[in-house]
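Structure file protein_1.txt (compact mmCIF, C-alpha atoms) follows.
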```txt
# COMPACT_ATOMS: atom_id res chain seq x y z
CA MET A 61 -32.51 17.17 46.46
CA ASP A 62 -33.69 16.26 42.91
CA ARG A 63 -34.17 19.91 42.23
CA TYR A 64 -30.44 20.60 42.76
CA CYS A 65 -29.22 17.62 40.69
CA SER A 66 -31.29 18.27 37.59
CA PRO A 67 -29.59 20.26 34.82
CA ASP A 68 -30.42 23.90 34.80
CA SER A 69 -30.75 24.94 31.14
CA ALA A 70 -31.08 28.58 32.06
CA SER A 71 -27.81 28.55 34.02
CA SER A 72 -26.09 26.73 31.15
CA SER A 73 -27.27 29.30 28.64
CA ASN A 74 -26.09 32.09 30.92
CA ALA A 75 -22.63 30.46 31.12
CA TYR A 76 -22.28 30.31 27.34
CA TRP A 77 -23.54 33.87 27.08
CA LEU A 78 -20.96 35.04 29.61
CA LEU A 79 -18.22 33.18 27.69
CA LEU A 80 -19.23 34.90 24.46
CA GLN A 81 -19.21 38.24 26.20
CA VAL A 82 -15.70 37.58 27.51
CA LEU A 83 -14.49 36.50 24.06
CA SER A 84 -15.98 39.62 22.53
CA LEU A 85 -13.78 41.72 24.79
CA ILE A 86 -10.64 40.31 23.13
CA PRO A 87 -9.46 42.68 20.35
CA PHE A 88 -10.17 41.42 16.84
CA TRP A 89 -6.53 41.76 15.80
CA HIS A 90 -5.64 39.13 18.42
CA TYR A 91 -7.78 36.64 16.51
CA LEU A 92 -6.10 37.65 13.27
CA LEU A 93 -2.72 37.11 14.92
CA LEU A 94 -3.77 33.65 16.12
CA ALA A 95 -5.08 32.74 12.67
CA ALA A 96 -1.86 33.96 11.07
CA PHE A 97 0.20 31.89 13.53
CA ILE A 98 -1.83 28.75 12.80
CA PHE A 99 -1.57 29.35 9.05
CA PHE A 100 2.18 29.98 9.25
CA SER A 101 2.69 26.85 11.36
CA PHE A 102 0.76 24.79 8.80
CA LEU A 103 2.67 26.34 5.90
CA TYR A 104 6.01 25.92 7.68
CA ASN A 105 5.46 22.20 8.10
CA PHE A 106 3.69 21.61 4.78
CA LEU A 107 6.46 23.28 2.74
CA GLU A 108 9.18 21.99 5.07
CA LEU A 109 10.55 25.50 5.52
CA HIS A 110 13.82 25.93 7.37
CA CYS A 111 14.06 29.73 7.62
CA LEU A 112 13.89 29.70 11.43
CA GLU A 113 16.54 27.00 11.54
CA ASP A 114 18.74 29.16 9.28
CA LEU A 115 18.11 32.20 11.49
CA PHE A 116 18.97 30.42 14.73
CA SER A 117 22.12 28.94 13.19
CA GLY A 118 23.29 32.40 12.16
CA PHE A 119 22.86 31.59 8.45
CA SER A 120 25.97 29.44 8.61
CA GLY A 121 24.59 26.76 6.30
CA SER A 122 25.08 23.03 6.70
CA PRO A 123 28.25 20.96 6.22
CA VAL A 124 28.77 18.56 3.35
CA VAL A 125 28.75 15.09 4.91
CA LEU A 126 31.00 12.58 3.16
CA SER A 127 30.54 8.82 3.34
CA TYR A 128 33.34 6.70 1.90
CA ASN A 129 35.56 3.70 2.43
CA THR A 130 38.56 4.48 4.62
CA SER A 131 40.89 3.08 1.97
CA SER A 132 39.15 4.94 -0.86
CA GLN A 133 41.54 6.01 -3.61
CA ILE A 134 39.14 8.56 -5.05
CA TYR A 135 38.89 10.21 -1.65
CA GLU A 136 42.64 10.40 -1.17
CA ALA A 137 43.39 11.49 -4.74
CA VAL A 138 40.53 13.90 -5.42
CA VAL A 139 37.93 14.51 -2.73
CA SER A 140 40.39 15.19 0.09
CA LYS A 141 41.81 18.05 -2.00
CA CYS A 142 38.41 19.51 -2.97
CA LYS A 143 37.71 22.39 -0.56
CA VAL A 144 34.10 22.64 -1.68
CA LEU A 145 33.29 19.13 -0.48
CA HIS A 146 34.81 19.99 2.89
CA GLY A 147 32.91 23.27 3.15
CA ARG A 148 29.30 24.18 3.84
CA TYR A 149 26.23 24.71 1.69
CA PHE A 150 23.92 27.61 2.47
CA ALA A 151 20.62 27.67 0.59
CA THR A 152 19.25 30.91 -0.83
CA PRO A 153 17.37 32.50 2.13
CA TRP A 154 14.12 33.11 0.25
CA LEU A 155 14.19 29.57 -1.13
CA CYS A 156 14.28 28.04 2.34
CA SER A 157 12.29 24.94 1.39
CA PRO A 158 13.02 21.87 -0.75
CA HIS A 159 9.75 22.50 -2.59
CA LEU A 160 10.53 26.17 -3.29
CA GLN A 161 13.98 25.15 -4.52
CA THR A 162 12.62 22.41 -6.79
CA ILE A 163 9.77 24.49 -8.22
CA PHE A 164 11.97 27.55 -8.74
CA LEU A 165 14.49 25.44 -10.67
CA ASN A 166 11.86 24.16 -13.07
CA TYR A 167 10.12 27.46 -13.74
CA PHE A 168 12.60 30.23 -12.95
CA GLY A 169 15.99 28.53 -13.23
CA ARG A 170 17.43 31.35 -15.38
CA PRO A 171 20.15 29.37 -17.17
CA PRO A 172 22.90 31.25 -19.02
CA PRO A 173 22.32 31.68 -22.77
CA LEU A 174 23.84 28.95 -24.90
CA LYS A 175 23.47 27.27 -28.27
CA TYR A 176 24.08 23.57 -28.82
CA THR A 177 25.42 21.85 -31.90
CA ARG A 178 23.22 18.84 -32.66
CA GLN A 179 24.32 15.41 -33.80
CA LEU A 180 21.76 12.71 -34.59
CA PHE A 181 23.08 9.33 -33.57
CA ARG A 182 21.53 6.11 -34.90
CA THR A 183 21.56 2.95 -32.80
CA ALA A 184 21.78 -0.62 -34.06
CA ASP A 185 18.05 -1.23 -33.56
CA GLY A 186 17.12 1.83 -35.62
CA GLY A 187 16.65 4.20 -32.68
CA THR A 188 17.63 7.87 -32.84
CA ILE A 189 19.42 9.76 -30.07
CA ALA A 190 19.90 13.52 -30.13
CA LEU A 191 23.42 14.40 -28.98
CA ASP A 192 23.66 18.11 -28.18
CA TRP A 193 27.22 19.42 -28.00
CA LEU A 194 28.61 22.48 -26.27
CA SER A 195 32.25 23.60 -26.10
CA SER A 196 34.06 26.54 -24.52
CA SER A 197 34.00 28.46 -27.79
CA ASN A 198 30.19 28.44 -27.63
CA VAL A 199 29.92 30.18 -24.24
CA SER A 200 30.89 33.67 -23.14
CA GLY A 201 33.98 33.77 -20.96
CA GLY A 202 34.86 30.17 -21.75
CA ALA A 203 38.41 28.88 -21.56
CA PRO A 204 40.21 29.49 -24.87
CA HIS A 205 40.94 26.58 -27.17
CA VAL A 206 44.48 25.33 -27.34
CA ASP A 207 45.95 26.13 -30.73
CA ASP A 208 49.46 24.75 -30.21
CA ALA A 209 48.80 21.23 -31.40
CA ALA A 210 45.86 19.24 -32.70
CA SER A 211 46.72 16.46 -30.26
CA GLU A 212 46.15 18.79 -27.30
CA VAL A 213 42.73 19.78 -28.64
CA GLU A 214 41.90 16.11 -29.11
CA SER A 215 42.76 15.46 -25.47
CA ILE A 216 40.20 17.94 -24.09
CA PRO A 217 37.95 16.03 -21.64
CA ILE A 218 34.41 15.20 -22.73
CA VAL A 219 31.52 15.16 -20.27
CA VAL A 220 28.44 13.11 -21.19
CA VAL A 221 25.27 14.27 -19.41
CA ILE A 222 22.29 11.93 -18.90
CA PRO A 223 19.15 13.98 -18.06
CA GLY A 224 16.31 13.08 -15.69
CA LEU A 225 12.91 11.46 -16.22
CA THR A 226 11.20 14.08 -18.40
CA SER A 227 14.25 16.29 -19.00
CA ASP A 228 16.41 16.95 -22.02
CA SER A 229 19.02 19.43 -23.19
CA SER A 230 16.50 22.29 -22.95
CA SER A 231 15.87 21.73 -19.23
CA GLN A 232 17.08 24.59 -17.08
CA TYR A 233 19.39 22.63 -14.79
CA VAL A 234 20.90 20.79 -17.76
CA LYS A 235 21.72 24.15 -19.36
CA HIS A 236 23.37 25.30 -16.13
CA LEU A 237 25.43 22.13 -16.06
CA ALA A 238 26.39 22.32 -19.74
CA TYR A 239 27.32 26.00 -19.58
CA TYR A 240 29.63 25.86 -16.57
CA THR A 241 31.28 22.65 -17.73
CA ALA A 242 31.99 24.19 -21.14
CA LYS A 243 33.18 27.39 -19.47
CA ARG A 244 35.81 25.32 -17.70
CA GLY A 245 37.20 24.41 -21.11
CA TRP A 246 35.73 20.94 -21.43
CA LYS A 247 33.43 19.60 -24.12
CA VAL A 248 29.88 18.66 -23.10
CA VAL A 249 27.44 16.38 -24.86
CA ILE A 250 23.87 15.94 -23.66
CA CYS A 251 22.75 12.38 -24.39
CA ASN A 252 19.01 12.95 -24.72
CA HIS A 253 16.70 10.01 -24.09
CA ARG A 254 14.91 8.52 -27.08
CA GLY A 255 12.01 10.71 -28.09
CA PHE A 256 13.36 13.79 -26.29
CA GLY A 257 15.00 16.87 -27.69
CA GLY A 258 12.42 17.15 -30.48
CA VAL A 259 13.45 13.84 -32.06
CA SER A 260 10.97 11.16 -33.11
CA ILE A 261 11.08 7.61 -31.76
CA THR A 262 12.28 5.64 -34.78
CA SER A 263 12.33 2.12 -33.32
CA ASN A 264 9.92 -0.05 -31.36
CA PHE A 265 11.71 0.76 -28.12
CA SER A 266 11.59 3.89 -25.92
CA TYR A 267 13.84 4.49 -22.95
CA ASN A 268 13.18 3.56 -19.32
CA ALA A 269 14.87 3.96 -15.91
CA GLY A 270 17.07 0.91 -16.42
CA TRP A 271 17.84 1.19 -20.13
CA THR A 272 21.64 1.40 -20.23
CA ASP A 273 22.21 0.33 -23.85
CA ASP A 274 22.00 3.87 -25.23
CA VAL A 275 24.53 5.45 -22.87
CA ARG A 276 26.82 2.43 -23.32
CA THR A 277 26.61 2.75 -27.11
CA VAL A 278 27.24 6.51 -27.04
CA VAL A 279 30.17 6.23 -24.61
CA ASN A 280 31.78 3.48 -26.70
CA TYR A 281 31.26 5.54 -29.85
CA LEU A 282 32.86 8.63 -28.29
CA HIS A 283 35.77 6.60 -26.98
CA LYS A 284 36.37 5.18 -30.45
CA GLU A 285 36.12 8.57 -32.16
CA THR A 286 38.10 10.55 -29.55
CA SER A 287 40.35 7.97 -27.95
CA LYS A 288 42.75 10.60 -26.54
CA ALA A 289 40.01 12.49 -24.68
CA PRO A 290 39.15 11.40 -21.11
CA LEU A 291 35.45 10.59 -20.82
CA PHE A 292 33.36 11.58 -17.79
CA VAL A 293 29.64 10.94 -17.30
CA ILE A 294 27.17 12.91 -15.17
CA GLY A 295 23.70 11.51 -14.49
CA THR A 296 20.86 13.46 -12.90
CA SER A 297 17.81 11.94 -11.18
CA ILE A 298 16.67 8.98 -13.33
CA GLY A 299 19.73 9.67 -15.45
CA ALA A 300 21.82 9.04 -12.32
CA ASN A 301 20.05 5.71 -11.82
CA ILE A 302 20.83 4.74 -15.42
CA LEU A 303 24.45 5.84 -14.95
CA VAL A 304 25.10 3.84 -11.77
CA LYS A 305 23.41 0.77 -13.25
CA TYR A 306 25.57 1.08 -16.37
CA LEU A 307 28.76 1.44 -14.31
CA GLY A 308 27.82 -1.59 -12.22
CA GLU A 309 26.90 -3.73 -15.22
CA ASP A 310 30.14 -3.10 -17.08
CA GLY A 311 32.51 -3.05 -14.11
CA GLU A 312 36.14 -2.50 -15.14
CA ASN A 313 35.41 -2.99 -18.83
CA ILE A 314 34.42 0.61 -19.37
CA PRO A 315 36.09 3.62 -21.05
CA VAL A 316 34.96 6.10 -18.38
CA ALA A 317 37.52 8.00 -16.31
CA GLY A 318 35.04 9.15 -13.66
CA ALA A 319 31.36 9.84 -13.03
CA VAL A 320 28.97 11.90 -10.92
CA ALA A 321 25.45 10.83 -9.91
CA VAL A 322 23.23 13.70 -8.71
CA CYS A 323 19.98 13.05 -6.81
CA SER A 324 19.66 9.42 -7.83
CA PRO A 325 16.45 7.58 -6.79
CA TRP A 326 18.60 4.45 -6.15
CA ASP A 327 15.74 2.06 -5.29
CA LEU A 328 12.71 2.50 -7.56
CA LEU A 329 10.40 0.42 -5.35
CA ILE A 330 11.12 2.54 -2.29
CA GLY A 331 10.88 5.67 -4.41
CA ASP A 332 7.49 4.62 -5.74
CA ARG A 333 6.12 4.12 -2.23
CA TYR A 334 7.58 7.43 -1.07
CA ILE A 335 6.19 9.54 -3.90
CA SER A 336 2.77 7.94 -3.45
CA ARG A 337 2.69 8.50 0.31
CA GLY A 338 2.89 12.17 1.28
CA HIS A 339 0.43 14.88 0.25
CA VAL A 340 3.10 17.04 -1.38
CA GLN A 341 4.81 14.03 -2.95
CA LYS A 342 1.53 13.04 -4.60
CA LEU A 343 1.52 16.42 -6.35
CA TYR A 344 5.00 15.72 -7.73
CA ASN A 345 3.83 12.26 -8.76
CA LYS A 346 0.94 13.69 -10.77
CA ALA A 347 3.10 16.41 -12.29
CA LEU A 348 5.68 13.88 -13.47
CA ALA A 349 2.91 11.60 -14.75
CA PHE A 350 1.50 14.49 -16.79
CA GLY A 351 4.99 15.13 -18.15
CA LEU A 352 5.22 11.49 -19.23
CA GLN A 353 1.78 11.77 -20.84
CA ASP A 354 2.96 14.81 -22.81
CA TYR A 355 5.97 12.79 -23.91
CA ALA A 356 3.69 9.95 -25.00
CA LYS A 357 1.39 12.33 -26.88
CA LEU A 358 4.35 13.59 -28.91
CA HIS A 359 4.92 10.00 -29.99
CA ARG A 360 1.34 8.76 -30.08
CA SER A 361 1.87 6.47 -33.06
CA HIS A 362 4.66 4.64 -31.21
CA PHE A 363 2.75 4.21 -27.94
CA SER A 364 -0.56 3.42 -29.62
CA ARG A 365 1.16 0.61 -31.47
CA ASN A 366 3.37 -0.74 -28.68
CA ALA A 367 1.53 0.09 -25.43
CA ASN A 368 -1.91 0.63 -23.88
CA TRP A 369 -2.85 4.08 -25.14
CA GLU A 370 -6.17 4.23 -23.28
CA GLY A 371 -4.36 3.43 -20.02
CA ILE A 372 -1.70 6.04 -20.73
CA GLU A 373 -4.34 8.75 -21.14
CA LYS A 374 -5.87 7.85 -17.77
CA SER A 375 -2.56 7.67 -15.90
CA LEU A 376 -2.49 9.77 -12.74
CA SER A 377 0.88 8.61 -11.40
CA ILE A 378 4.27 7.45 -12.59
CA ARG A 379 3.30 3.91 -11.60
CA ASP A 380 0.18 4.08 -13.78
CA PHE A 381 2.26 5.20 -16.76
CA ASP A 382 4.84 2.49 -16.14
CA ASP A 383 2.05 -0.09 -15.96
CA HIS A 384 0.42 0.95 -19.23
CA ALA A 385 3.52 1.98 -21.20
CA THR A 386 6.98 1.25 -19.79
CA CYS A 387 6.37 -2.36 -18.78
CA ILE A 388 4.63 -3.24 -22.03
CA VAL A 389 7.28 -1.64 -24.27
CA GLY A 390 10.12 -3.00 -22.15
CA LYS A 391 8.48 -6.41 -21.75
CA TYR A 392 8.49 -6.49 -17.94
CA GLU A 393 6.03 -8.82 -16.22
CA SER A 394 4.85 -6.18 -13.72
CA VAL A 395 5.67 -2.73 -12.44
CA ASP A 396 7.31 -4.13 -9.30
CA THR A 397 9.46 -6.43 -11.44
CA TYR A 398 10.51 -3.45 -13.54
CA TYR A 399 11.38 -1.41 -10.45
CA ARG A 400 13.34 -4.26 -8.87
CA ARG A 401 15.39 -5.05 -11.98
CA CYS A 402 16.12 -1.43 -12.85
CA SER A 403 17.08 -0.08 -9.41
CA SER A 404 20.71 1.01 -9.42
CA SER A 405 21.24 0.24 -5.72
CA ILE A 406 21.89 -3.44 -6.48
CA TYR A 407 24.74 -2.47 -8.84
CA VAL A 408 26.62 -0.18 -6.46
CA GLN A 409 28.97 -2.92 -5.27
CA SER A 410 30.17 -3.55 -8.84
CA VAL A 411 31.11 0.05 -9.73
CA SER A 412 34.80 0.04 -10.64
CA VAL A 413 35.46 3.65 -11.70
CA PRO A 414 35.62 6.77 -9.49
CA LEU A 415 32.04 7.84 -8.70
CA LEU A 416 30.89 10.86 -6.72
CA CYS A 417 27.25 10.73 -5.59
CA ILE A 418 25.50 13.93 -4.47
CA SER A 419 22.13 14.01 -2.69
CA ALA A 420 20.08 16.44 -0.60
CA LEU A 421 18.55 14.97 2.54
CA ASP A 422 15.38 17.00 1.99
CA ASP A 423 14.92 15.90 -1.64
CA PRO A 424 11.11 15.85 -2.08
CA ILE A 425 11.20 13.33 -4.94
CA CYS A 426 14.10 10.95 -4.26
CA THR A 427 13.92 9.89 -0.62
CA THR A 428 16.96 9.29 1.57
CA GLU A 429 15.35 6.00 2.59
CA ALA A 430 16.59 4.57 -0.71
CA ILE A 431 20.23 5.66 -0.40
CA PRO A 432 22.48 2.57 -0.13
CA TRP A 433 24.70 4.00 2.59
CA ASP A 434 26.50 0.78 3.53
CA GLU A 435 27.03 -0.32 -0.06
CA CYS A 436 28.57 3.06 -0.95
CA LYS A 437 30.90 2.90 2.06
CA ALA A 438 31.93 -0.64 1.15
CA ASN A 439 33.02 0.33 -2.37
CA LYS A 440 36.47 1.96 -2.55
CA ASN A 441 35.52 3.74 -5.78
CA ILE A 442 32.55 5.67 -4.41
CA VAL A 443 32.24 8.82 -2.33
CA LEU A 444 28.75 9.86 -1.23
CA ALA A 445 28.26 13.56 -0.47
CA THR A 446 25.04 14.64 1.25
CA VAL A 447 23.82 18.07 2.34
CA LYS A 448 20.89 18.84 4.61
CA HIS A 449 19.03 21.05 2.14
CA GLY A 450 18.88 21.63 -1.62
CA GLY A 451 15.68 20.04 -2.93
CA HIS A 452 15.72 17.97 -6.10
CA LEU A 453 18.58 18.95 -8.43
CA ALA A 454 18.36 22.58 -7.29
CA PHE A 455 20.86 23.52 -4.54
CA PHE A 456 20.43 27.24 -5.19
CA GLU A 457 22.82 29.47 -3.29
CA GLY A 458 23.49 33.19 -3.00
CA ILE A 459 21.01 35.96 -2.34
CA THR A 460 20.03 36.17 -6.03
CA ALA A 461 19.79 32.38 -6.54
CA SER A 462 21.90 32.67 -9.68
CA HIS A 463 24.08 29.67 -8.95
CA LEU A 464 23.50 25.96 -8.41
CA TRP A 465 25.94 24.85 -5.72
CA TYR A 466 26.80 21.40 -7.05
CA ILE A 467 27.53 22.83 -10.50
CA CYS A 468 29.24 26.17 -9.91
CA ARG A 469 31.18 25.35 -6.77
CA LEU A 470 32.53 22.05 -8.04
CA LEU A 471 33.36 23.29 -11.52
CA HIS A 472 34.23 26.89 -10.61
CA PRO A 473 35.19 27.19 -6.92
CA SER A 474 36.03 30.87 -7.45
CA LEU A 475 32.40 31.81 -8.20
```

Once you've parsed the file, please lay out its structure as structure tokens.
Amino acid sequence: MDRYCSPDSASSSNAYWLLLQVLSLIPFWHYLLLAAFIFFSFLYNFLELHCLEDLFSGFSGSPVVLSYNTSSQIYEAVVSKCKVLHGRYFATPWLCSPHLQTIFLNYFGRPPPLKYTRQLFRTADGGTIALDWLSSSNVSGGAPHVDDAASEVESIPIVVVIPGLTSDSSSQYVKHLAYYTAKRGWKVVICNHRGFGGVSITSNFSYNAGWTDDVRTVVNYLHKETSKAPLFVIGTSIGANILVKYLGEDGENIPVAGAVAVCSPWDLLIGDRYISRGHVQKLYNKALAFGLQDYAKLHRSHFSRNANWEGIEKSLSIRDFDDHATCIVGKYESVDTYYRRCSSSIYVQSVSVPLLCISALDDPICTTEAIPWDECKANKNIVLATVKHGGHLAFFEGITASHLWYICRLLHPSL
């Protein structure tokens, strides 16, 4: 009996040998096919591709979902009449991933050619802001200037653009936005953050995600100089956070006719956790941190004097940079304190001018977890438009990816 219960090593070896022989009978290309399937499945999930979803939906795109107060005046007066916001957004087929969209925008955005007119604006504390202007006469195919009366020219709307974290007037998406706004016949001015646009930091203060004094000062200046011209403000990414915070801080006492916030992070604490959590998000975190380091290196004398330069050089994340630079320069007790005080979500309820907020639900940098859905719905002045895809500030559409949906379709529905 013991003889039958004891393991038979010879029989075991024969079994493995038979298994290998069977596996060897399977054609090699089958293994290649299996490996390709596993690799594609990994890549599909890692890059958050949606090409199969697009295929199965017949490439019909996704609807624009609007969230607003039922008694919203901005919805009744403007949004309800805007066909684009009641249509669908279809992402460029070969950019069927939020990461492909975002990366393509930063490296291959292909903005139309344009040339700004620069104005250096000095603030009360000695700071310098580069204001880069663009009008219809500076772009090809732009709307002609009105020559009938000087008063009509003076009444041309002005759009102030607040760029993102490490962006300025030379950024590709900013150029897209400036070009198509100017082509509509409006004037555009890019309000570059301190130290951006090739301008030195000339005071002891550099900008941060909650610094609203500069945009407030510029808007008040423009209103004083061009009182007949309606003023609109567009903020992108961190610029959108600054915009919403500014609108909430000033309430009704503000010379702004309307505003648009694109891909706002809303809650900086939630955003910090999100961008430090996922594998892909960590790559964005490092990339943005390196961009902030490059910014600091351009102004080394300022940061060496007012911040922890050794810590800045070792920063591997946005939080690290904020700890060693932003919080010290801005005099915040801690990074979390800075994030809490500067998050725009707590100011949403106080916004008193028409505000359109645009976000992509697959934004790889600004998570939907931070969107203040209920607060936006509670405010009669806000309409929140979300689309399923689009990445961060990209929203490429068309087979050639020559257009950014939120820019071209809203400003030029005929394109």

### Query
In terms of the shortest atom-to-atom distance over all atoms listed in the file, which of A:Cys387, A:Asn129, A:Leu464, A:Asn268 is closest to Lys235 (chain A)?
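Closest candidate: A:Leu464.
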
What lies within 10 Å of Val219 (chain A) using only C-alpha atoms, ignoring chain neighbours under 3 positions off, as a PDB file with C-alpha atoms, keeping the file's coordinate frame?
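File produced: selection_28.pdb:
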```
ATOM      1  CA  TRP A 193      27.220  19.420 -28.000  1.00  0.00           C
ATOM      2  CA  LEU A 194      28.610  22.480 -26.270  1.00  0.00           C
ATOM      3  CA  ILE A 216      40.200  17.940 -24.090  1.00  0.00           C
ATOM      4  CA  ILE A 222      22.290  11.930 -18.900  1.00  0.00           C
ATOM      5  CA  ALA A 238      26.390  22.320 -19.740  1.00  0.00           C
ATOM      6  CA  THR A 241      31.280  22.650 -17.730  1.00  0.00           C
ATOM      7  CA  ALA A 242      31.990  24.190 -21.140  1.00  0.00           C
ATOM      8  CA  TRP A 246      35.730  20.940 -21.430  1.00  0.00           C
ATOM      9  CA  LYS A 247      33.430  19.600 -24.120  1.00  0.00           C
ATOM     10  CA  VAL A 248      29.880  18.660 -23.100  1.00  0.00           C
ATOM     11  CA  VAL A 249      27.440  16.380 -24.860  1.00  0.00           C
ATOM     12  CA  ILE A 250      23.870  15.940 -23.660  1.00  0.00           C
ATOM     13  CA  ALA A 289      40.010  12.490 -24.680  1.00  0.00           C
ATOM     14  CA  PRO A 290      39.150  11.400 -21.110  1.00  0.00           C
ATOM     15  CA  LEU A 291      35.450  10.590 -20.820  1.00  0.00           C
ATOM     16  CA  PHE A 292      33.360  11.580 -17.790  1.00  0.00           C
ATOM     17  CA  VAL A 293      29.640  10.940 -17.300  1.00  0.00           C
ATOM     18  CA  ILE A 294      27.170  12.910 -15.170  1.00  0.00           C
ATOM     19  CA  VAL A 316      34.960   6.100 -18.380  1.00  0.00           C
ATOM     20  CA  GLY A 318      35.040   9.150 -13.660  1.00  0.00           C
ATOM     21  CA  ALA A 319      31.360   9.840 -13.030  1.00  0.00           C
TER      22      ALA A 319
END
```

#### Entry: Between CA of Ile335 (chain A) and CA of Cys426 (chain A) - distance in Å to one decimal
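Value for the CA of Cys426 (chain A)-CA of Ile335 (chain A) distance: 8.0 Å.
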
### Selection near region 305-313 of chain A, 7 Å with only C-alpha atoms, sequence-local residues under 3 positions removed, as JSON, numbers by chain
{"A": [272, 301, 302, 404, 407, 408, 410, 411, 412]}

### Selected residue, from A:Leu180, A:Arg365, A:Ile298, A:Gln353, that lies nearest to Val278 (chain A) when counting all atoms listed in the file
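Ranking A:Leu180, A:Arg365, A:Ile298, A:Gln353 by distance to Val278 (chain A), first place goes to A:Leu180.
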
### Atomic separation - CA of Leu444 (chain A) relative to CA of Pro414 (chain A), Å
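Between CA of Pro414 (chain A) and CA of Leu444 (chain A) the gap is 11.2 Å.
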
### Query
So how far away is CA of Gly187 (chain A) from CA of Ile261 (chain A), in Å?
6.6 Å

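If you measure from each of A:Pro432, A:Tyr267, A:Gln161, A:His449 to Ala385 (chain A) using only C-alpha atoms, the closest one turns out to be A:Tyr267.
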
#### Entry: Contact residues around Ser297 (chain A) with all atoms listed in the file at 9 Å, ignoring same-chain residues under 6 positions, as a PyMOL selection string
chain A and resi 222-225+321-325+426+452-453

### Task
Between A:Thr460, A:Ser375, A:Thr277, A:Gln341, single out the one closest to Asp185 (chain A), counting all atoms listed in the file.
A:Thr277

### Task
Quick one: everything within 12 Å of Gly121 (chain A), counting only C-alpha atoms, minus sequence neighbours fewer than 4 positions away in the same chain. Send it as a count of residues only.
22

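Nearest-residue note for Ile189 (chain A): choosing from A:Val275, A:Ile418, A:Ile425, A:Leu282, the minimum distance belongs to A:Val275, counting only C-alpha atoms.
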
Could you give me the axis-aligned bounding box of region 84-97 of chain A, with 6 Å of padding per side, as centre plus edge lengths in Å to one decimal, as AutoDock Vina command-line options?
```
--center_x -7.9 --center_y 37.3 --center_z 17.9 --size_x 28.2 --size_y 22.8 --size_z 25.7
```

### Message
Env of Thr188 (chain A): 12 Å cut, atoms = only C-alpha atoms, seq-sep filter 6 positions within chain, self excluded. Answer as a ChimeraX atom specification.
### Response
/A:179-182,251-267,274,277-278

### Query
Which one of A:Asp422, A:Arg400, A:Ser127, A:Ile372 sits closest to Asp434 (chain A) if you count all atoms listed in the file?
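Nearest candidate to Asp434 (chain A) out of A:Asp422, A:Arg400, A:Ser127, A:Ile372: A:Ser127.
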
For region 393-404 of chain A, supply N, CA and C atoms and format the output as a JSON list (two decimals), keeping the file's coordinate frame.
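Result file follows (part-v2.json):
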```json
[["chain", "number", "residue", "atom", "x", "y", "z"],
["A", 393, "GLU", "N", 7.24, -8.11, -16.64],
["A", 393, "GLU", "CA", 6.03, -8.82, -16.22],
["A", 393, "GLU", "C", 5.09, -7.93, -15.40],
["A", 394, "SER", "N", 5.66, -7.06, -14.57],
["A", 394, "SER", "CA", 4.85, -6.18, -13.72],
["A", 394, "SER", "C", 5.66, -4.94, -13.40],
["A", 395, "VAL", "N", 4.99, -3.96, -12.82],
["A", 395, "VAL", "CA", 5.67, -2.73, -12.44],
["A", 395, "VAL", "C", 6.72, -3.00, -11.36],
["A", 396, "ASP", "N", 6.36, -3.81, -10.37],
["A", 396, "ASP", "CA", 7.31, -4.13, -9.30],
["A", 396, "ASP", "C", 8.54, -4.85, -9.85],
["A", 397, "THR", "N", 8.32, -5.74, -10.81],
["A", 397, "THR", "CA", 9.46, -6.43, -11.44],
["A", 397, "THR", "C", 10.36, -5.43, -12.15],
["A", 398, "TYR", "N", 9.76, -4.51, -12.86],
["A", 398, "TYR", "CA", 10.51, -3.45, -13.54],
["A", 398, "TYR", "C", 11.32, -2.63, -12.55],
["A", 399, "TYR", "N", 10.69, -2.22, -11.45],
["A", 399, "TYR", "CA", 11.38, -1.41, -10.45],
["A", 399, "TYR", "C", 12.53, -2.18, -9.80],
["A", 400, "ARG", "N", 12.29, -3.47, -9.50],
["A", 400, "ARG", "CA", 13.34, -4.26, -8.87],
["A", 400, "ARG", "C", 14.56, -4.44, -9.79],
["A", 401, "ARG", "N", 14.30, -4.77, -11.05],
["A", 401, "ARG", "CA", 15.39, -5.05, -11.98],
["A", 401, "ARG", "C", 16.16, -3.80, -12.37],
["A", 402, "CYS", "N", 15.50, -2.67, -12.35],
["A", 402, "CYS", "CA", 16.12, -1.43, -12.85],
["A", 402, "CYS", "C", 16.67, -0.52, -11.76],
["A", 403, "SER", "N", 16.52, -0.90, -10.50],
["A", 403, "SER", "CA", 17.08, -0.08, -9.41],
["A", 403, "SER", "C", 18.60, -0.16, -9.43],
["A", 404, "SER", "N", 19.25, 0.98, -9.34],
["A", 404, "SER", "CA", 20.71, 1.01, -9.42],
["A", 404, "SER", "C", 21.38, 0.58, -8.12]]
```
